[in-house]
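One file, input.txt, carrying compact mmCIF, N, CA and C atoms:
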```txt
# COMPACT_ATOMS: atom_id res chain seq x y z
N MET A 1416 60.57 126.04 138.37
CA MET A 1416 61.22 125.38 137.25
C MET A 1416 61.07 123.87 137.42
N ILE A 1417 60.81 123.20 136.33
CA ILE A 1417 60.70 121.75 136.31
C ILE A 1417 62.07 121.17 135.96
N ALA A 1418 62.48 120.15 136.70
CA ALA A 1418 63.69 119.39 136.37
C ALA A 1418 63.26 117.99 135.95
N VAL A 1419 64.08 117.36 135.12
CA VAL A 1419 63.78 116.04 134.58
C VAL A 1419 64.81 115.04 135.07
N ASP A 1420 64.34 113.92 135.58
CA ASP A 1420 65.20 112.86 136.09
C ASP A 1420 65.55 111.87 134.97
N THR A 1421 66.47 111.00 135.26
CA THR A 1421 67.05 110.06 134.30
C THR A 1421 66.01 109.23 133.55
N GLN A 1422 65.07 108.62 134.27
CA GLN A 1422 64.15 107.69 133.62
C GLN A 1422 63.38 108.34 132.48
N LEU A 1423 62.96 109.58 132.67
CA LEU A 1423 62.21 110.25 131.61
C LEU A 1423 63.10 110.51 130.39
N LEU A 1424 64.37 110.81 130.62
CA LEU A 1424 65.31 110.97 129.50
C LEU A 1424 65.46 109.65 128.74
N VAL A 1425 65.61 108.58 129.49
CA VAL A 1425 65.76 107.25 128.88
C VAL A 1425 64.50 106.89 128.11
N TYR A 1426 63.34 107.03 128.73
CA TYR A 1426 62.08 106.68 128.07
C TYR A 1426 61.86 107.51 126.81
N ALA A 1427 62.20 108.79 126.86
CA ALA A 1427 62.01 109.65 125.69
C ALA A 1427 62.93 109.24 124.55
N HIS A 1428 64.08 108.69 124.88
CA HIS A 1428 65.06 108.31 123.86
C HIS A 1428 64.81 106.92 123.29
N ARG A 1429 64.51 105.96 124.16
CA ARG A 1429 64.41 104.57 123.73
C ARG A 1429 63.02 104.27 123.17
N VAL A 1430 62.94 104.07 121.86
CA VAL A 1430 61.65 103.80 121.24
C VAL A 1430 61.06 102.46 121.67
N ASP A 1431 61.89 101.59 122.24
CA ASP A 1431 61.39 100.30 122.72
C ASP A 1431 60.80 100.39 124.13
N SER A 1432 60.82 101.56 124.72
CA SER A 1432 60.21 101.74 126.04
C SER A 1432 58.70 101.85 125.88
N PRO A 1433 57.94 101.19 126.74
CA PRO A 1433 56.48 101.34 126.67
C PRO A 1433 56.03 102.77 126.99
N PHE A 1434 56.92 103.56 127.57
CA PHE A 1434 56.60 104.94 127.92
C PHE A 1434 57.18 105.94 126.93
N HIS A 1435 57.75 105.46 125.83
CA HIS A 1435 58.45 106.33 124.90
C HIS A 1435 57.60 107.47 124.37
N ALA A 1436 56.44 107.17 123.83
CA ALA A 1436 55.63 108.20 123.18
C ALA A 1436 55.26 109.32 124.17
N ALA A 1437 54.81 108.93 125.35
CA ALA A 1437 54.42 109.93 126.34
C ALA A 1437 55.62 110.75 126.82
N ALA A 1438 56.74 110.08 127.10
CA ALA A 1438 57.93 110.78 127.58
C ALA A 1438 58.49 111.70 126.50
N ALA A 1439 58.49 111.24 125.25
CA ALA A 1439 59.00 112.07 124.15
C ALA A 1439 58.14 113.32 123.98
N ARG A 1440 56.82 113.18 124.09
CA ARG A 1440 55.93 114.34 124.01
C ARG A 1440 56.23 115.34 125.12
N LEU A 1441 56.40 114.83 126.33
CA LEU A 1441 56.66 115.71 127.48
C LEU A 1441 57.98 116.46 127.32
N LEU A 1442 59.04 115.75 126.92
CA LEU A 1442 60.33 116.42 126.76
C LEU A 1442 60.32 117.39 125.60
N THR A 1443 59.63 117.04 124.53
CA THR A 1443 59.53 117.96 123.39
C THR A 1443 58.81 119.23 123.81
N ALA A 1444 57.75 119.08 124.60
CA ALA A 1444 57.01 120.26 125.07
C ALA A 1444 57.91 121.15 125.93
N LEU A 1445 58.72 120.55 126.79
CA LEU A 1445 59.63 121.36 127.60
C LEU A 1445 60.68 122.03 126.72
N ALA A 1446 61.31 121.25 125.85
CA ALA A 1446 62.41 121.76 125.03
C ALA A 1446 61.96 122.85 124.07
N GLU A 1447 60.74 122.75 123.58
CA GLU A 1447 60.24 123.73 122.61
C GLU A 1447 59.39 124.81 123.25
N GLY A 1448 59.14 124.69 124.54
CA GLY A 1448 58.30 125.65 125.23
C GLY A 1448 59.06 126.90 125.66
N ALA A 1449 58.33 127.85 126.19
CA ALA A 1449 58.91 129.12 126.60
C ALA A 1449 59.43 129.09 128.03
N GLY A 1450 58.97 128.12 128.82
CA GLY A 1450 59.36 128.07 130.23
C GLY A 1450 60.71 127.41 130.44
N SER A 1451 61.36 127.83 131.51
CA SER A 1451 62.64 127.22 131.87
C SER A 1451 62.43 125.80 132.37
N TRP A 1452 63.36 124.94 132.05
CA TRP A 1452 63.37 123.57 132.56
C TRP A 1452 64.82 123.19 132.81
N ALA A 1453 65.03 122.08 133.50
CA ALA A 1453 66.38 121.75 133.92
C ALA A 1453 66.61 120.24 133.91
N VAL A 1454 67.88 119.89 133.81
CA VAL A 1454 68.33 118.51 133.98
C VAL A 1454 69.59 118.56 134.84
N PRO A 1455 69.60 117.84 135.96
CA PRO A 1455 70.83 117.76 136.74
C PRO A 1455 71.90 116.99 135.95
N TRP A 1456 73.13 117.48 135.98
CA TRP A 1456 74.21 116.81 135.26
C TRP A 1456 74.32 115.33 135.59
N PRO A 1457 74.17 114.92 136.86
CA PRO A 1457 74.25 113.49 137.13
C PRO A 1457 73.21 112.67 136.35
N CYS A 1458 72.07 113.26 136.04
CA CYS A 1458 71.04 112.57 135.25
C CYS A 1458 71.47 112.43 133.80
N VAL A 1459 72.19 113.42 133.28
CA VAL A 1459 72.73 113.32 131.92
C VAL A 1459 73.72 112.16 131.88
N HIS A 1460 74.62 112.10 132.85
CA HIS A 1460 75.61 111.03 132.91
C HIS A 1460 74.93 109.66 133.02
N GLU A 1461 73.94 109.57 133.90
CA GLU A 1461 73.25 108.30 134.11
C GLU A 1461 72.47 107.89 132.86
N TYR A 1462 71.82 108.85 132.19
CA TYR A 1462 71.12 108.56 130.94
C TYR A 1462 72.08 107.87 129.96
N TYR A 1463 73.23 108.49 129.74
CA TYR A 1463 74.21 107.95 128.79
C TYR A 1463 74.66 106.55 129.21
N SER A 1464 74.91 106.38 130.49
CA SER A 1464 75.34 105.08 131.01
C SER A 1464 74.28 104.01 130.80
N VAL A 1465 73.03 104.34 131.06
CA VAL A 1465 71.95 103.36 130.95
C VAL A 1465 71.68 102.98 129.50
N VAL A 1466 71.50 103.96 128.62
CA VAL A 1466 71.09 103.63 127.25
C VAL A 1466 72.19 102.95 126.45
N THR A 1467 73.44 103.12 126.84
CA THR A 1467 74.55 102.49 126.11
C THR A 1467 75.00 101.17 126.75
N HIS A 1468 74.34 100.75 127.81
CA HIS A 1468 74.75 99.57 128.57
C HIS A 1468 74.19 98.29 127.91
N PRO A 1469 75.06 97.39 127.48
CA PRO A 1469 74.59 96.17 126.79
C PRO A 1469 73.86 95.18 127.68
N ARG A 1470 73.98 95.30 128.99
CA ARG A 1470 73.23 94.39 129.87
C ARG A 1470 71.84 94.95 130.19
N ILE A 1471 71.62 96.19 129.84
CA ILE A 1471 70.30 96.79 130.08
C ILE A 1471 69.48 96.75 128.80
N TYR A 1472 70.10 97.07 127.67
CA TYR A 1472 69.38 97.08 126.39
C TYR A 1472 70.10 96.21 125.38
N ALA A 1473 69.33 95.43 124.66
CA ALA A 1473 69.87 94.60 123.58
C ALA A 1473 69.06 94.90 122.32
N PRO A 1474 69.61 95.65 121.43
CA PRO A 1474 70.94 96.24 121.46
C PRO A 1474 70.93 97.57 122.22
N PRO A 1475 72.09 97.93 122.78
CA PRO A 1475 72.18 99.23 123.44
C PRO A 1475 72.21 100.34 122.39
N THR A 1476 71.95 101.55 122.83
CA THR A 1476 72.08 102.70 121.96
C THR A 1476 73.56 102.90 121.65
N PRO A 1477 73.93 103.06 120.38
CA PRO A 1477 75.33 103.35 120.07
C PRO A 1477 75.76 104.65 120.77
N PRO A 1478 76.97 104.70 121.31
CA PRO A 1478 77.42 105.90 122.04
C PRO A 1478 77.25 107.20 121.25
N ALA A 1479 77.54 107.18 119.96
CA ALA A 1479 77.41 108.42 119.17
C ALA A 1479 75.96 108.88 119.12
N ARG A 1480 75.03 107.94 119.04
CA ARG A 1480 73.61 108.30 119.00
C ARG A 1480 73.14 108.84 120.35
N ALA A 1481 73.63 108.24 121.44
CA ALA A 1481 73.29 108.74 122.77
C ALA A 1481 73.83 110.16 122.95
N ALA A 1482 75.05 110.39 122.48
CA ALA A 1482 75.65 111.72 122.58
C ALA A 1482 74.89 112.72 121.71
N ASP A 1483 74.45 112.30 120.54
CA ASP A 1483 73.65 113.18 119.68
C ASP A 1483 72.35 113.59 120.36
N GLN A 1484 71.75 112.65 121.09
CA GLN A 1484 70.51 112.98 121.80
C GLN A 1484 70.76 114.04 122.86
N ILE A 1485 71.86 113.88 123.60
CA ILE A 1485 72.21 114.89 124.61
C ILE A 1485 72.41 116.25 123.93
N ALA A 1486 73.14 116.25 122.82
CA ALA A 1486 73.38 117.50 122.09
C ALA A 1486 72.06 118.14 121.65
N ALA A 1487 71.11 117.33 121.23
CA ALA A 1487 69.81 117.86 120.81
C ALA A 1487 69.09 118.52 121.99
N TRP A 1488 69.11 117.87 123.16
CA TRP A 1488 68.48 118.49 124.33
C TRP A 1488 69.18 119.79 124.69
N LEU A 1489 70.51 119.81 124.56
CA LEU A 1489 71.27 121.01 124.92
C LEU A 1489 70.97 122.20 124.00
N GLU A 1490 70.38 121.94 122.85
CA GLU A 1490 70.02 123.02 121.94
C GLU A 1490 68.81 123.81 122.41
N SER A 1491 68.07 123.27 123.37
CA SER A 1491 66.91 123.98 123.89
C SER A 1491 67.38 125.24 124.61
N PRO A 1492 66.93 126.42 124.15
CA PRO A 1492 67.39 127.67 124.78
C PRO A 1492 66.89 127.87 126.20
N THR A 1493 65.89 127.09 126.60
CA THR A 1493 65.34 127.26 127.95
C THR A 1493 65.85 126.21 128.94
N LEU A 1494 66.76 125.34 128.49
CA LEU A 1494 67.31 124.29 129.35
C LEU A 1494 68.41 124.84 130.25
N HIS A 1495 68.36 124.45 131.52
CA HIS A 1495 69.41 124.76 132.47
C HIS A 1495 69.99 123.44 132.96
N LEU A 1496 71.31 123.30 132.89
CA LEU A 1496 71.98 122.12 133.42
C LEU A 1496 72.41 122.43 134.85
N LEU A 1497 72.05 121.56 135.76
CA LEU A 1497 72.27 121.81 137.17
C LEU A 1497 73.41 120.96 137.71
N ALA A 1498 74.27 121.60 138.49
CA ALA A 1498 75.40 120.91 139.11
C ALA A 1498 75.46 121.28 140.59
N GLU A 1499 76.34 120.61 141.30
CA GLU A 1499 76.56 120.94 142.70
C GLU A 1499 77.04 122.38 142.82
N THR A 1500 76.57 123.04 143.85
CA THR A 1500 77.02 124.40 144.15
C THR A 1500 78.09 124.33 145.24
N SER A 1501 78.67 125.45 145.57
CA SER A 1501 79.71 125.47 146.60
C SER A 1501 79.17 125.07 147.97
N ASP A 1502 77.86 125.20 148.17
CA ASP A 1502 77.27 124.79 149.45
C ASP A 1502 76.48 123.48 149.32
N HIS A 1503 76.94 122.62 148.43
CA HIS A 1503 76.26 121.35 148.18
C HIS A 1503 76.23 120.46 149.42
N TRP A 1504 77.35 120.37 150.13
CA TRP A 1504 77.41 119.44 151.25
C TRP A 1504 76.34 119.71 152.31
N PRO A 1505 76.10 120.93 152.74
CA PRO A 1505 75.03 121.14 153.72
C PRO A 1505 73.66 120.67 153.21
N HIS A 1506 73.38 120.91 151.94
CA HIS A 1506 72.11 120.43 151.36
C HIS A 1506 72.06 118.91 151.38
N LEU A 1507 73.12 118.29 150.88
CA LEU A 1507 73.15 116.82 150.78
C LEU A 1507 73.16 116.17 152.16
N SER A 1508 74.00 116.65 153.05
CA SER A 1508 74.09 116.01 154.37
C SER A 1508 72.78 116.12 155.13
N GLY A 1509 72.07 117.24 154.95
CA GLY A 1509 70.76 117.38 155.59
C GLY A 1509 69.77 116.35 155.08
N LEU A 1510 69.76 116.13 153.77
CA LEU A 1510 68.86 115.13 153.19
C LEU A 1510 69.25 113.72 153.62
N LEU A 1511 70.55 113.45 153.66
CA LEU A 1511 71.03 112.12 154.07
C LEU A 1511 70.60 111.81 155.50
N ALA A 1512 70.78 112.79 156.39
CA ALA A 1512 70.42 112.58 157.80
C ALA A 1512 68.92 112.47 157.98
N ALA A 1513 68.17 113.38 157.37
CA ALA A 1513 66.72 113.39 157.55
C ALA A 1513 66.07 112.11 157.01
N GLY A 1514 66.59 111.61 155.89
CA GLY A 1514 66.00 110.42 155.28
C GLY A 1514 66.67 109.13 155.68
N LYS A 1515 67.68 109.22 156.57
CA LYS A 1515 68.45 108.03 156.98
C LYS A 1515 68.94 107.28 155.74
N ILE A 1516 69.57 108.04 154.84
CA ILE A 1516 69.99 107.53 153.54
C ILE A 1516 71.40 106.98 153.61
N ALA A 1517 71.59 105.82 152.99
CA ALA A 1517 72.91 105.21 152.85
C ALA A 1517 72.90 104.37 151.57
N GLY A 1518 74.06 103.93 151.16
CA GLY A 1518 74.18 103.04 150.02
C GLY A 1518 73.74 103.68 148.71
N PRO A 1519 73.10 102.90 147.85
CA PRO A 1519 72.77 103.40 146.51
C PRO A 1519 71.78 104.56 146.49
N ARG A 1520 71.04 104.77 147.55
CA ARG A 1520 70.07 105.88 147.58
C ARG A 1520 70.76 107.24 147.73
N VAL A 1521 72.06 107.24 147.97
CA VAL A 1521 72.81 108.49 148.05
C VAL A 1521 72.71 109.23 146.71
N HIS A 1522 72.69 108.49 145.61
CA HIS A 1522 72.55 109.13 144.29
C HIS A 1522 71.25 109.92 144.21
N ASP A 1523 70.16 109.34 144.71
CA ASP A 1523 68.88 110.05 144.71
C ASP A 1523 68.95 111.31 145.57
N ALA A 1524 69.60 111.20 146.71
CA ALA A 1524 69.76 112.37 147.58
C ALA A 1524 70.58 113.45 146.88
N ARG A 1525 71.58 113.03 146.13
CA ARG A 1525 72.40 114.00 145.38
C ARG A 1525 71.54 114.76 144.38
N ILE A 1526 70.70 114.05 143.65
CA ILE A 1526 69.81 114.69 142.67
C ILE A 1526 68.88 115.67 143.39
N ALA A 1527 68.29 115.22 144.50
CA ALA A 1527 67.37 116.08 145.25
C ALA A 1527 68.10 117.33 145.76
N ALA A 1528 69.30 117.16 146.30
CA ALA A 1528 70.05 118.31 146.83
C ALA A 1528 70.39 119.30 145.72
N ILE A 1529 70.78 118.81 144.56
CA ILE A 1529 71.09 119.70 143.44
C ILE A 1529 69.84 120.48 143.04
N CYS A 1530 68.72 119.78 142.92
CA CYS A 1530 67.47 120.45 142.53
C CYS A 1530 67.07 121.51 143.54
N LEU A 1531 67.11 121.17 144.81
CA LEU A 1531 66.71 122.12 145.84
C LEU A 1531 67.62 123.34 145.87
N ALA A 1532 68.90 123.13 145.68
CA ALA A 1532 69.85 124.24 145.68
C ALA A 1532 69.60 125.22 144.53
N HIS A 1533 69.02 124.73 143.45
CA HIS A 1533 68.77 125.56 142.28
C HIS A 1533 67.32 126.05 142.19
N GLY A 1534 66.55 125.82 143.23
CA GLY A 1534 65.19 126.33 143.26
C GLY A 1534 64.21 125.59 142.36
N VAL A 1535 64.49 124.34 142.06
CA VAL A 1535 63.56 123.53 141.26
C VAL A 1535 62.27 123.39 142.05
N THR A 1536 61.15 123.65 141.40
CA THR A 1536 59.86 123.53 142.07
C THR A 1536 59.29 122.12 141.97
N THR A 1537 59.58 121.43 140.86
CA THR A 1537 59.07 120.08 140.65
C THR A 1537 60.11 119.26 139.90
N LEU A 1538 60.34 118.05 140.38
CA LEU A 1538 61.19 117.10 139.67
C LEU A 1538 60.29 116.06 139.03
N TRP A 1539 60.37 115.96 137.71
CA TRP A 1539 59.62 114.92 137.01
C TRP A 1539 60.44 113.65 137.06
N SER A 1540 59.87 112.61 137.64
CA SER A 1540 60.58 111.35 137.79
C SER A 1540 59.60 110.19 137.89
N ALA A 1541 60.03 109.05 137.40
CA ALA A 1541 59.28 107.81 137.57
C ALA A 1541 59.87 106.99 138.71
N ASP A 1542 60.83 107.54 139.42
CA ASP A 1542 61.52 106.86 140.51
C ASP A 1542 60.83 107.19 141.83
N ARG A 1543 60.16 106.20 142.40
CA ARG A 1543 59.42 106.41 143.65
C ARG A 1543 60.36 106.66 144.83
N ASP A 1544 61.63 106.25 144.71
CA ASP A 1544 62.57 106.46 145.81
C ASP A 1544 62.78 107.94 146.09
N LEU A 1545 62.58 108.79 145.11
CA LEU A 1545 62.77 110.23 145.32
C LEU A 1545 61.69 110.83 146.22
N SER A 1546 60.65 110.08 146.48
CA SER A 1546 59.61 110.57 147.40
C SER A 1546 60.12 110.58 148.84
N ARG A 1547 61.31 110.04 149.09
CA ARG A 1547 61.90 110.05 150.43
C ARG A 1547 62.32 111.46 150.85
N PHE A 1548 62.25 112.41 149.93
CA PHE A 1548 62.71 113.77 150.20
C PHE A 1548 61.51 114.72 150.12
N PRO A 1549 60.77 114.86 151.22
CA PRO A 1549 59.54 115.65 151.18
C PRO A 1549 59.74 117.12 150.86
N SER A 1550 60.97 117.62 150.98
CA SER A 1550 61.21 119.03 150.66
C SER A 1550 61.25 119.27 149.15
N LEU A 1551 61.26 118.19 148.37
CA LEU A 1551 61.26 118.31 146.91
C LEU A 1551 59.97 117.70 146.37
N GLN A 1552 59.23 118.47 145.59
CA GLN A 1552 58.01 117.94 144.99
C GLN A 1552 58.41 117.07 143.80
N VAL A 1553 58.06 115.78 143.87
CA VAL A 1553 58.37 114.84 142.80
C VAL A 1553 57.05 114.39 142.17
N THR A 1554 56.98 114.49 140.86
CA THR A 1554 55.78 114.15 140.11
C THR A 1554 56.14 113.21 138.98
N ASN A 1555 55.33 112.19 138.78
CA ASN A 1555 55.49 111.31 137.63
C ASN A 1555 54.50 111.77 136.56
N PRO A 1556 54.97 112.55 135.58
CA PRO A 1556 54.05 113.08 134.57
C PRO A 1556 53.52 112.01 133.62
N LEU A 1557 54.12 110.83 133.63
CA LEU A 1557 53.66 109.76 132.75
C LEU A 1557 52.32 109.20 133.20
N ILE A 1558 52.01 109.35 134.47
CA ILE A 1558 50.73 108.88 134.98
C ILE A 1558 49.59 109.63 134.32
N ASP A 1559 49.76 110.94 134.16
CA ASP A 1559 48.73 111.76 133.54
C ASP A 1559 48.86 111.84 132.03
N ALA A 1560 50.09 111.61 131.51
CA ALA A 1560 50.31 111.75 130.07
C ALA A 1560 49.90 110.50 129.31
N GLY A 1561 49.88 109.34 130.04
CA GLY A 1561 49.48 108.04 129.53
C GLY A 1561 49.66 107.86 128.12
```
For this file, produce the structure as structure tokens.
Amino acid sequence: MIAVDTQLLVYAHRVDSPFHAAAARLLTALAEGAGSWAVPWPCVHEYYSVVTHPRIYAPPTPPARAADQIAAWLESPTLHLLAETSDHWPHLSGLLAAGKIAGPRVHDARIAAICLAHGVTTLWSADRDLSRFPSLQVTNPLIDAG
């Protein structure tokens, strides 16, 4: 199963992103395709936070429009929303120790741990920091989708 990280959600939503067209095509293909795909809940939260933030975008996405976009993604019958499981801490603590992770990179480790716990085979992300977790295959599909 492919999971999608925050940046791709943001790029697919924000038409002012130089990666918008490619990211929108990729997400549309997942949402309308027959295969299962996933988004970790923390990425949904981060997407909303980023696109509505006035210091990141001028103008920011209005909150109602950002929420409508989330609702549209949730309509995909093949989408799975991923959250921490009851054994999240062993997954996360292992990644933190192995990668010597501290500070803001803990968020990336959280995403990786959630994906691994749910059997995600590939995480689509433009975030190179996620490559710190070799047990999770991270691919930037925008490189090939150009």
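Across the structure, atom N of Ser1508 in chain A and atom C of Thr1493 in chain A are spaced 27.2 Å apart.
Residues in contact with Val1419 in chain A at up to 6 Å, not including ones fewer than 6 positions away on its chain and judged by only C-alpha atoms, are Val1454, Leu1538 and Trp1539 of chain A.
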Please build the interface table for range 1465-1503 of chain A against range 1435-1453 of chain A with a cut-off of 7 Å, listing for each qualifying residue the nearest atom pair and the distance in Å to one decimal; count all atoms listed in the file, order rows by chain and increasing number, and write it as a tab-separated table.
```
residue	atom	partner	partner_atom	distance
A:Trp1488	CA	A:Ala1446	CA	6.9
A:Ser1491	CA	A:Ala1446	C	5.1
A:Pro1492	N	A:Ala1446	C	6.1
A:Thr1493	C	A:Trp1452	N	4.2
A:Leu1494	CA	A:Trp1452	C	4.4
A:His1495	N	A:Trp1452	C	4.0
A:Leu1496	N	A:Ala1453	CA	5.3
A:Leu1497	N	A:Ala1453	C	5.9
```
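Relative to atom C of Val1430 in chain A, atom N of Pro1455 in chain A is found at 22.7 Å.
Our summary of the geometry notes that CA of Gln1484 in chain A is positioned 18.2 Å from CA of Ile1471 in chain A.
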Strand (DSSP E) positions in range 1436-1501 of chain A, given as a VMD selection string
chain A and resid 1452 to 1455 1494 to 1497
Need the shell around range 1526-1532 of chain A: protein/DNA/RNA residues with any atom at most 6 Å away, counting only N, CA and C atoms. Skip same-chain ones fewer than 3 positions apart. Format as a PyMOL selection string?
chain A and resi 1498-1499+1506-1507+1522-1523+1535
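If only C-alpha atoms are the atoms counted, then among A:Ala1418, A:Val1425, A:Leu1545, A:Leu1489 the closest residue to Thr1467 in chain A is A:Val1425.
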Per DSSP on the backbone, what are the helix (DSSP H, G or I) residues of range 1417-1545 of chain A, as number ranges by chain?
A: 1421-1428, 1435-1447, 1456-1466, 1478-1489, 1503-1514, 1518-1532, 1543-1545
